[in-house]
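Structure file model-v6.txt (compact mmCIF, C-alpha atoms) is printed below.
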```txt
# COMPACT_ATOMS: atom_id res chain seq x y z
CA MET D 1 -18.38 95.06 26.99
CA SER D 2 -19.20 94.82 30.68
CA LYS D 3 -16.92 92.66 32.79
CA ARG D 4 -19.97 91.05 34.36
CA LEU D 5 -20.25 87.61 32.77
CA LYS D 6 -23.06 87.26 30.27
CA VAL D 7 -24.44 83.94 29.01
CA VAL D 8 -26.22 84.08 25.66
CA ARG D 9 -28.03 81.29 23.84
CA THR D 10 -29.24 82.69 20.51
CA VAL D 11 -27.31 84.10 17.56
CA ALA D 12 -29.31 87.32 17.71
CA SER D 13 -28.50 87.90 21.39
CA LEU D 14 -24.86 86.99 20.75
CA ARG D 15 -24.54 89.63 18.06
CA ARG D 16 -26.30 92.26 20.16
CA ALA D 17 -23.94 91.55 23.05
CA LEU D 18 -20.86 91.77 20.83
CA ASP D 19 -21.76 94.86 18.81
CA PRO D 20 -20.51 97.38 21.41
CA SER D 21 -17.12 95.60 21.49
CA ARG D 22 -16.42 95.96 17.78
CA ARG D 23 -14.20 99.00 18.02
CA PRO D 24 -10.89 99.79 16.32
CA HIS D 25 -7.88 98.35 18.15
CA GLU D 26 -10.05 96.27 20.53
CA HIS D 27 -9.55 92.62 19.65
CA ILE D 28 -12.18 89.96 20.30
CA ALA D 29 -10.91 86.47 21.14
CA LEU D 30 -12.83 83.21 21.02
CA VAL D 31 -12.04 80.08 23.03
CA PRO D 32 -14.21 77.25 21.64
CA THR D 33 -14.91 74.45 24.14
CA MET D 34 -17.29 71.59 24.77
CA GLY D 35 -17.39 72.43 28.46
CA ALA D 36 -16.20 70.21 31.32
CA LEU D 37 -13.51 72.83 31.72
CA HIS D 38 -10.08 72.01 33.17
CA ARG D 39 -6.73 73.75 33.53
CA GLY D 40 -6.00 73.26 29.84
CA HIS D 41 -9.06 75.27 28.85
CA MET D 42 -8.21 77.96 31.36
CA ALA D 43 -4.71 78.27 29.91
CA LEU D 44 -6.40 79.13 26.61
CA VAL D 45 -8.58 81.70 28.38
CA ARG D 46 -5.58 83.34 30.07
CA GLU D 47 -3.68 83.58 26.78
CA ALA D 48 -6.77 85.00 25.09
CA GLN D 49 -7.06 87.63 27.85
CA ARG D 50 -3.40 88.50 27.40
CA ARG D 51 -3.86 89.13 23.69
CA ALA D 52 -7.38 90.56 23.43
CA LYS D 53 -9.59 93.06 25.26
CA HIS D 54 -12.74 90.93 24.97
CA VAL D 55 -12.82 87.16 25.53
CA ILE D 56 -15.72 84.92 24.53
CA VAL D 57 -15.86 81.25 25.55
CA SER D 58 -18.24 78.98 23.67
CA ILE D 59 -19.65 75.89 25.38
CA PHE D 60 -21.28 73.46 22.96
CA VAL D 61 -21.07 69.67 22.86
CA ASN D 62 -21.21 69.26 19.11
CA PRO D 63 -23.24 66.19 18.05
CA THR D 64 -21.99 66.18 14.46
CA GLN D 65 -18.46 65.18 15.48
CA PHE D 66 -19.64 62.08 17.35
CA ALA D 67 -20.40 58.81 15.58
CA PRO D 68 -23.52 56.89 16.76
CA HIS D 69 -21.38 54.46 18.80
CA GLU D 70 -19.37 57.22 20.52
CA ASP D 71 -19.89 59.03 23.81
CA PHE D 72 -22.05 62.06 22.92
CA ALA D 73 -24.73 61.18 25.49
CA SER D 74 -22.22 60.48 28.26
CA TYR D 75 -19.66 63.18 27.41
CA PRO D 76 -18.82 65.05 30.65
CA ARG D 77 -21.04 68.08 31.17
CA SER D 78 -20.66 70.51 34.09
CA PHE D 79 -22.24 73.75 32.91
CA ALA D 80 -22.87 75.34 36.32
CA ALA D 81 -19.32 74.64 37.47
CA ASP D 82 -17.95 75.91 34.14
CA ILE D 83 -19.85 79.19 34.49
CA LYS D 84 -18.53 79.65 38.03
CA VAL D 85 -14.93 79.17 36.86
CA LEU D 86 -15.37 81.52 33.90
CA ARG D 87 -16.99 84.17 36.10
CA GLU D 88 -14.04 83.98 38.50
CA ALA D 89 -11.68 84.27 35.52
CA LYS D 90 -13.51 87.47 34.45
CA VAL D 91 -14.45 86.18 31.01
CA ASP D 92 -16.71 88.66 29.18
CA LEU D 93 -19.23 86.38 27.52
CA VAL D 94 -20.26 82.72 27.26
CA TRP D 95 -21.87 81.59 24.01
CA ALA D 96 -23.89 78.50 24.95
CA PRO D 97 -26.27 77.62 22.12
CA SER D 98 -28.62 74.65 22.15
CA VAL D 99 -28.35 71.99 19.46
CA GLU D 100 -31.50 73.48 17.92
CA ALA D 101 -29.93 76.95 17.80
CA MET D 102 -26.77 75.63 16.15
CA TYR D 103 -28.47 73.19 13.80
CA PRO D 104 -32.04 74.47 13.27
CA ASN D 105 -34.68 72.48 11.46
CA GLY D 106 -33.74 72.28 7.77
CA PHE D 107 -29.99 72.71 8.35
CA ALA D 108 -28.38 71.21 5.24
CA THR D 109 -24.79 72.45 4.87
CA ARG D 110 -21.67 70.66 6.04
CA LEU D 111 -17.97 71.16 5.29
CA ALA D 112 -15.86 68.32 3.93
CA PRO D 113 -12.24 69.22 4.75
CA GLU D 114 -9.33 67.50 3.04
CA GLY D 115 -5.58 68.00 3.40
CA ALA D 116 -4.67 67.46 7.04
CA ALA D 117 -8.17 66.08 7.62
CA LYS D 118 -7.29 63.13 5.36
CA ALA D 119 -3.88 62.36 6.82
CA GLY D 120 -4.69 58.82 7.95
CA LEU D 121 -4.57 59.62 11.66
CA GLU D 122 -7.77 60.48 13.56
CA ASP D 123 -9.67 60.42 10.27
CA GLU D 124 -8.79 56.75 9.82
CA PHE D 125 -10.55 55.84 13.06
CA ARG D 126 -13.16 58.61 13.21
CA PRO D 127 -14.02 59.38 9.56
CA HIS D 128 -16.98 61.55 10.58
CA PHE D 129 -14.99 63.71 12.98
CA PHE D 130 -13.35 66.49 11.01
CA GLY D 131 -16.40 67.25 8.91
CA GLY D 132 -18.30 67.87 12.14
CA VAL D 133 -15.46 69.90 13.65
CA ALA D 134 -14.92 72.05 10.56
CA THR D 135 -18.63 72.76 10.23
CA VAL D 136 -19.19 73.78 13.84
CA VAL D 137 -15.99 75.84 14.06
CA ALA D 138 -16.84 77.64 10.81
CA LYS D 139 -20.23 78.47 12.33
CA LEU D 140 -18.61 79.69 15.55
CA PHE D 141 -16.22 81.88 13.58
CA THR D 142 -19.03 83.45 11.56
CA GLN D 143 -21.29 83.85 14.60
CA VAL D 144 -18.68 85.49 16.84
CA SER D 145 -16.44 87.04 14.14
CA PRO D 146 -13.41 86.97 16.44
CA ASP D 147 -10.04 88.45 15.59
CA LEU D 148 -8.27 85.58 17.39
CA ALA D 149 -9.26 82.00 18.21
CA PHE D 150 -7.41 79.74 20.65
CA PHE D 151 -7.08 75.95 20.46
CA GLY D 152 -4.97 73.48 22.42
CA GLN D 153 -2.17 71.60 20.68
CA LYS D 154 -3.23 68.32 22.28
CA ASP D 155 -5.75 67.91 19.44
CA TYR D 156 -2.98 68.61 16.95
CA GLN D 157 -4.62 67.31 13.78
CA GLN D 158 -7.74 69.29 14.66
CA LEU D 159 -5.61 72.42 15.06
CA ARG D 160 -4.11 71.93 11.61
CA VAL D 161 -7.55 71.29 10.06
CA VAL D 162 -9.11 74.38 11.67
CA THR D 163 -6.14 76.56 10.71
CA GLN D 164 -6.36 75.46 7.08
CA MET D 165 -10.15 75.82 7.02
CA ALA D 166 -9.97 79.44 8.19
CA LYS D 167 -7.29 80.17 5.60
CA ASP D 168 -9.11 78.45 2.74
CA LEU D 169 -12.43 80.19 3.48
CA ASP D 170 -10.73 83.61 3.88
CA LEU D 171 -12.13 83.96 7.38
CA PRO D 172 -10.60 87.04 9.09
CA VAL D 173 -9.48 85.21 12.20
CA LYS D 174 -6.02 84.23 13.41
CA VAL D 175 -5.99 80.66 14.79
CA ILE D 176 -3.51 80.26 17.64
CA GLY D 177 -2.35 76.92 19.07
CA ILE D 178 -1.41 76.78 22.76
CA PRO D 179 0.94 74.09 24.16
CA THR D 180 -0.65 71.10 25.84
CA VAL D 181 -1.22 71.44 29.59
CA ARG D 182 -0.24 68.32 31.52
CA GLU D 183 -0.59 66.74 34.90
CA PRO D 184 2.65 66.56 36.96
CA ASP D 185 3.19 62.99 35.70
CA GLY D 186 2.88 64.09 32.07
CA LEU D 187 -0.66 63.01 31.21
CA ALA D 188 -2.24 65.51 28.83
CA LEU D 189 -5.30 67.13 30.37
CA SER D 190 -8.55 66.03 28.76
CA SER D 191 -12.19 66.00 29.81
CA ARG D 192 -12.24 62.29 28.93
CA ASN D 193 -9.60 61.53 31.58
CA ALA D 194 -12.58 61.34 33.94
CA TYR D 195 -13.40 57.97 32.36
CA LEU D 196 -10.14 56.39 33.60
CA SER D 197 -10.24 53.98 36.51
CA THR D 198 -7.67 54.39 39.29
CA ALA D 199 -5.41 51.72 37.77
CA GLU D 200 -5.81 53.13 34.27
CA ARG D 201 -4.99 56.63 35.49
CA ALA D 202 -1.75 55.32 36.97
CA ALA D 203 -0.82 53.68 33.66
CA ALA D 204 -1.93 56.50 31.34
CA PRO D 205 1.24 58.70 31.54
CA MET D 206 3.19 55.91 29.83
CA LEU D 207 1.86 57.21 26.50
CA TYR D 208 3.63 60.55 26.96
CA ARG D 209 6.81 58.87 28.20
CA VAL D 210 6.96 56.79 25.03
CA LEU D 211 6.45 59.89 22.88
CA LYS D 212 9.24 61.75 24.67
CA GLY D 213 11.56 58.77 24.34
CA CYS D 214 10.83 58.47 20.62
CA ALA D 215 11.46 62.17 20.08
CA THR D 216 14.78 61.98 21.94
CA ARG D 217 15.97 58.99 19.91
CA ILE D 218 15.03 60.65 16.61
CA ARG D 219 16.85 63.84 17.59
CA SER D 220 19.88 61.69 18.43
CA GLY D 221 19.97 60.33 14.88
CA ALA D 222 18.08 57.02 15.15
CA LYS D 223 16.04 55.98 12.13
CA VAL D 224 12.44 57.12 12.36
CA ASP D 225 10.88 53.81 11.31
CA HIS D 226 12.91 51.84 13.86
CA VAL D 227 12.08 54.29 16.65
CA LEU D 228 8.36 54.10 15.87
CA ASN D 229 8.37 50.32 15.81
CA VAL D 230 10.02 50.19 19.23
CA GLY D 231 7.56 52.76 20.55
CA ARG D 232 4.60 50.75 19.29
CA ILE D 233 5.87 47.68 21.11
CA GLU D 234 6.34 49.68 24.32
CA ILE D 235 2.77 50.97 24.14
CA ASP D 236 1.39 47.51 23.50
CA VAL D 237 3.36 46.00 26.39
CA ALA D 238 2.05 48.74 28.70
CA GLY D 239 -1.49 47.49 28.12
CA PHE D 240 -2.80 50.02 25.59
CA ALA D 241 -4.69 49.11 22.42
CA LEU D 242 -2.78 51.23 19.91
CA ASP D 243 -4.57 52.97 17.06
CA TYR D 244 -1.50 54.74 15.69
CA LEU D 245 1.93 56.10 16.51
CA GLU D 246 3.19 58.17 13.58
CA ALA D 247 5.84 60.71 12.62
CA ARG D 248 4.39 63.46 10.43
CA HIS D 249 5.37 66.80 8.96
CA ALA D 250 4.37 69.35 11.58
CA LEU D 251 2.43 71.53 9.14
CA THR D 252 1.04 69.24 6.44
CA LEU D 253 0.84 66.01 8.50
CA ALA D 254 2.33 64.16 5.54
CA PRO D 255 4.43 61.08 6.45
CA VAL D 256 8.13 61.74 7.01
CA ALA D 257 11.06 59.36 6.91
CA SER D 258 13.73 61.54 8.51
CA PRO D 259 14.22 65.00 10.03
CA LYS D 260 15.42 66.12 6.59
CA ASP D 261 11.79 65.93 5.42
CA GLY D 262 10.86 68.90 7.59
CA PRO D 263 9.81 69.63 11.17
CA ILE D 264 8.41 66.45 12.73
CA ARG D 265 5.44 65.96 15.02
CA LEU D 266 4.91 62.60 16.70
CA LEU D 267 1.23 61.74 17.14
CA VAL D 268 -0.35 58.87 19.06
CA ALA D 269 -3.80 57.52 19.82
CA ALA D 270 -4.52 54.48 21.98
CA LYS D 271 -7.24 53.02 24.14
CA LEU D 272 -6.74 52.22 27.79
CA GLY D 273 -9.74 50.24 28.91
CA LYS D 274 -12.71 52.11 27.46
CA THR D 275 -10.91 55.47 27.32
CA ARG D 276 -9.30 56.68 24.12
CA LEU D 277 -6.29 58.94 24.69
CA ILE D 278 -4.47 61.10 22.14
CA ASP D 279 -1.23 63.03 22.48
CA ASN D 280 1.62 64.50 20.46
CA VAL D 281 5.07 66.06 20.81
CA ALA D 282 7.42 68.00 18.59
CA VAL D 283 10.74 66.45 17.62
```

Now, as a test, write the supplied structure out as structure tokens.
Amino acid sequence: MSKRLKVVRTVASLRRALDPSRRPHEHIALVPTMGALHRGHMALVREAQRRAKHVIVSIFVNPTQFAPHEDFASYPRSFAADIKVLREAKVDLVWAPSVEAMYPNGFATRLAPEGAAKAGLEDEFRPHFFGGVATVVAKLFTQVSPDLAFFGQKDYQQLRVVTQMAKDLDLPVKVIGIPTVREPDGLALSSRNAYLSTAERAAAPMLYRVLKGCATRIRSGAKVDHVLNVGRIEIDVAGFALDYLEARHALTLAPVASPKDGPIRLLVAAKLGKTRLIDNVAV
């Protein structure tokens, strides 16, 4: 594949562009995004370039993972700037389908993931979300047929859902999670951080500080339930509207009561003003 960046918008043109790259021992990597690219996305791109000869970035704001009251219409979009950044990064190909190309007239098939998708975390507050994610990612995997696909660990439940989906459907792709990229003050990078006011941006890193404190106390032997209750109070006092702060098994996302139950992941979601923030850390 030429190192001159190509942008394709139909499945047929995507497959034509990729055909010359399907050679033995030349891996193809996919980095799925919804655009509004930041340093977190580019960390995925760099890791993909390290592990594969050909790197494809998809840019598609997926309507099926947004509920009617959510921010699909206002979700940050910066396509021209994204293309400039990806060209400078020497990405091979951008797959940028329209909604009509991804969901043509008569489209009637959707996935209904269970397991980690029914863990009582994001699914409790966004019951539509993982069906939309699983469906669009399954389409991306079948359209691109990558050997590797890269996702950020910030959306940890999503990572577990996508990993299980690829395994369950026998899709020949290895899903790789990359550690969360953060601002110097600890705030996890997210396209939605653009919604934060100046005061909210100053307060937002508190969420990560609480997570780190909880993880430290659990590692030191404190009871998980007590640590979580203290953490919930700290988040509330800091001015967030908490959706959840939970300790879950790092692979299954099942509830855990102590480190003896398996590797623990702490996951949090909370609103600060009108902005909903999510984050997680390993214990």

Could you make a table, as JSON lines, of the residues of region 94-199 of chain D that have an atom within 9 Å of an atom of region 8-29 of chain D, each with its nearest atom pair and distance in Å to one decimal, counting all atoms listed in the file, in chain and number order?
```
{"residue": "D:Val94", "atom": "CA", "partner": "D:Val8", "partner_atom": "CA", "distance": 6.3}
{"residue": "D:Trp95", "atom": "CA", "partner": "D:Val8", "partner_atom": "CA", "distance": 5.3}
{"residue": "D:Ala96", "atom": "CA", "partner": "D:Arg9", "partner_atom": "CA", "distance": 5.1}
{"residue": "D:Pro97", "atom": "CA", "partner": "D:Arg9", "partner_atom": "CA", "distance": 4.4}
{"residue": "D:Ser98", "atom": "CA", "partner": "D:Arg9", "partner_atom": "CA", "distance": 6.9}
{"residue": "D:Ala101", "atom": "CA", "partner": "D:Thr10", "partner_atom": "CA", "distance": 6.4}
{"residue": "D:Met102", "atom": "CA", "partner": "D:Val11", "partner_atom": "CA", "distance": 8.6}
{"residue": "D:Gln143", "atom": "CA", "partner": "D:Val11", "partner_atom": "CA", "distance": 6.7}
{"residue": "D:Val144", "atom": "CA", "partner": "D:Arg15", "partner_atom": "CA", "distance": 7.3}
{"residue": "D:Ser145", "atom": "CA", "partner": "D:Ile28", "partner_atom": "CA", "distance": 8.0}
{"residue": "D:Pro146", "atom": "CA", "partner": "D:Ile28", "partner_atom": "CA", "distance": 5.0}
{"residue": "D:Asp147", "atom": "CA", "partner": "D:Ile28", "partner_atom": "CA", "distance": 5.4}
{"residue": "D:Leu148", "atom": "CA", "partner": "D:Ala29", "partner_atom": "CA", "distance": 4.7}
{"residue": "D:Ala149", "atom": "CA", "partner": "D:Ala29", "partner_atom": "CA", "distance": 5.6}
{"residue": "D:Phe150", "atom": "CA", "partner": "D:Ala29", "partner_atom": "CA", "distance": 7.6}
```

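Minimum distance to Phe125 (chain D) across D:Leu242, D:Leu5, D:Val256, D:Ala89 (counting all atoms listed in the file) occurs at D:Leu242.
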
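Take CA of Arg77 (chain D) and CA of Arg209 (chain D): the distance between them is 29.5 Å.
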
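With only C-alpha atoms as the atoms that count, the residue of D:Leu189, D:Cys214, D:Leu253, D:Ala194 with the shortest distance to Arg160 (chain D) is D:Leu253.
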
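Residue nearest Arg248 (chain D), chosen from D:Pro127, D:Gly177, D:Gly120, D:Pro184 and counting only C-alpha atoms: D:Gly120.
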
Where's the centre, and what are the edge lengths in Å to one decimal, of a box along x, y and z enclosing all listed atoms of region 143-155 of chain D padded 6 Å per side, as AutoDock Vina command-line options?
```
--center_x -11.7 --center_y 78.2 --center_z 18.3 --size_x 31.1 --size_y 32.5 --size_z 20.3
```

Contact check, region 39-104 of chain D to region 108-113 of chain D, at most 10 Å, counting all atoms listed in the file, closest pairs as a Markdown table:
```
| residue | atom | partner | partner_atom | distance |
| --- | --- | --- | --- | --- |
| D:Thr64 | CA | D:Arg110 | CA | 9.5 |
| D:Tyr103 | CA | D:Ala108 | CA | 8.8 |
| D:Pro104 | CA | D:Ala108 | CA | 9.4 |
```

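Of the residues under consideration (D:Lys154, D:Arg276, D:Ala119, D:Leu171), D:Ala119 shows the shortest atom-to-atom contact distance to Glu246 (chain D) when counting all atoms listed in the file.
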
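Among the candidates D:Thr135, D:Ser74, D:Asn105, D:Asn280, the residue lying nearest to Lys212 (chain D) is D:Asn280 (atoms considered: all atoms listed in the file).
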
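Interatomic distance, CA of Lys167 (chain D) to CA of Val31 (chain D): 18.1 Å.
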
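Residue nearest Val268 (chain D), chosen from D:Tyr156, D:Phe151, D:Tyr195, D:Phe129 and counting all atoms listed in the file: D:Tyr156.
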
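Put simply, CA of Ala222 (chain D) is 14.4 Å away from CA of Leu266 (chain D).
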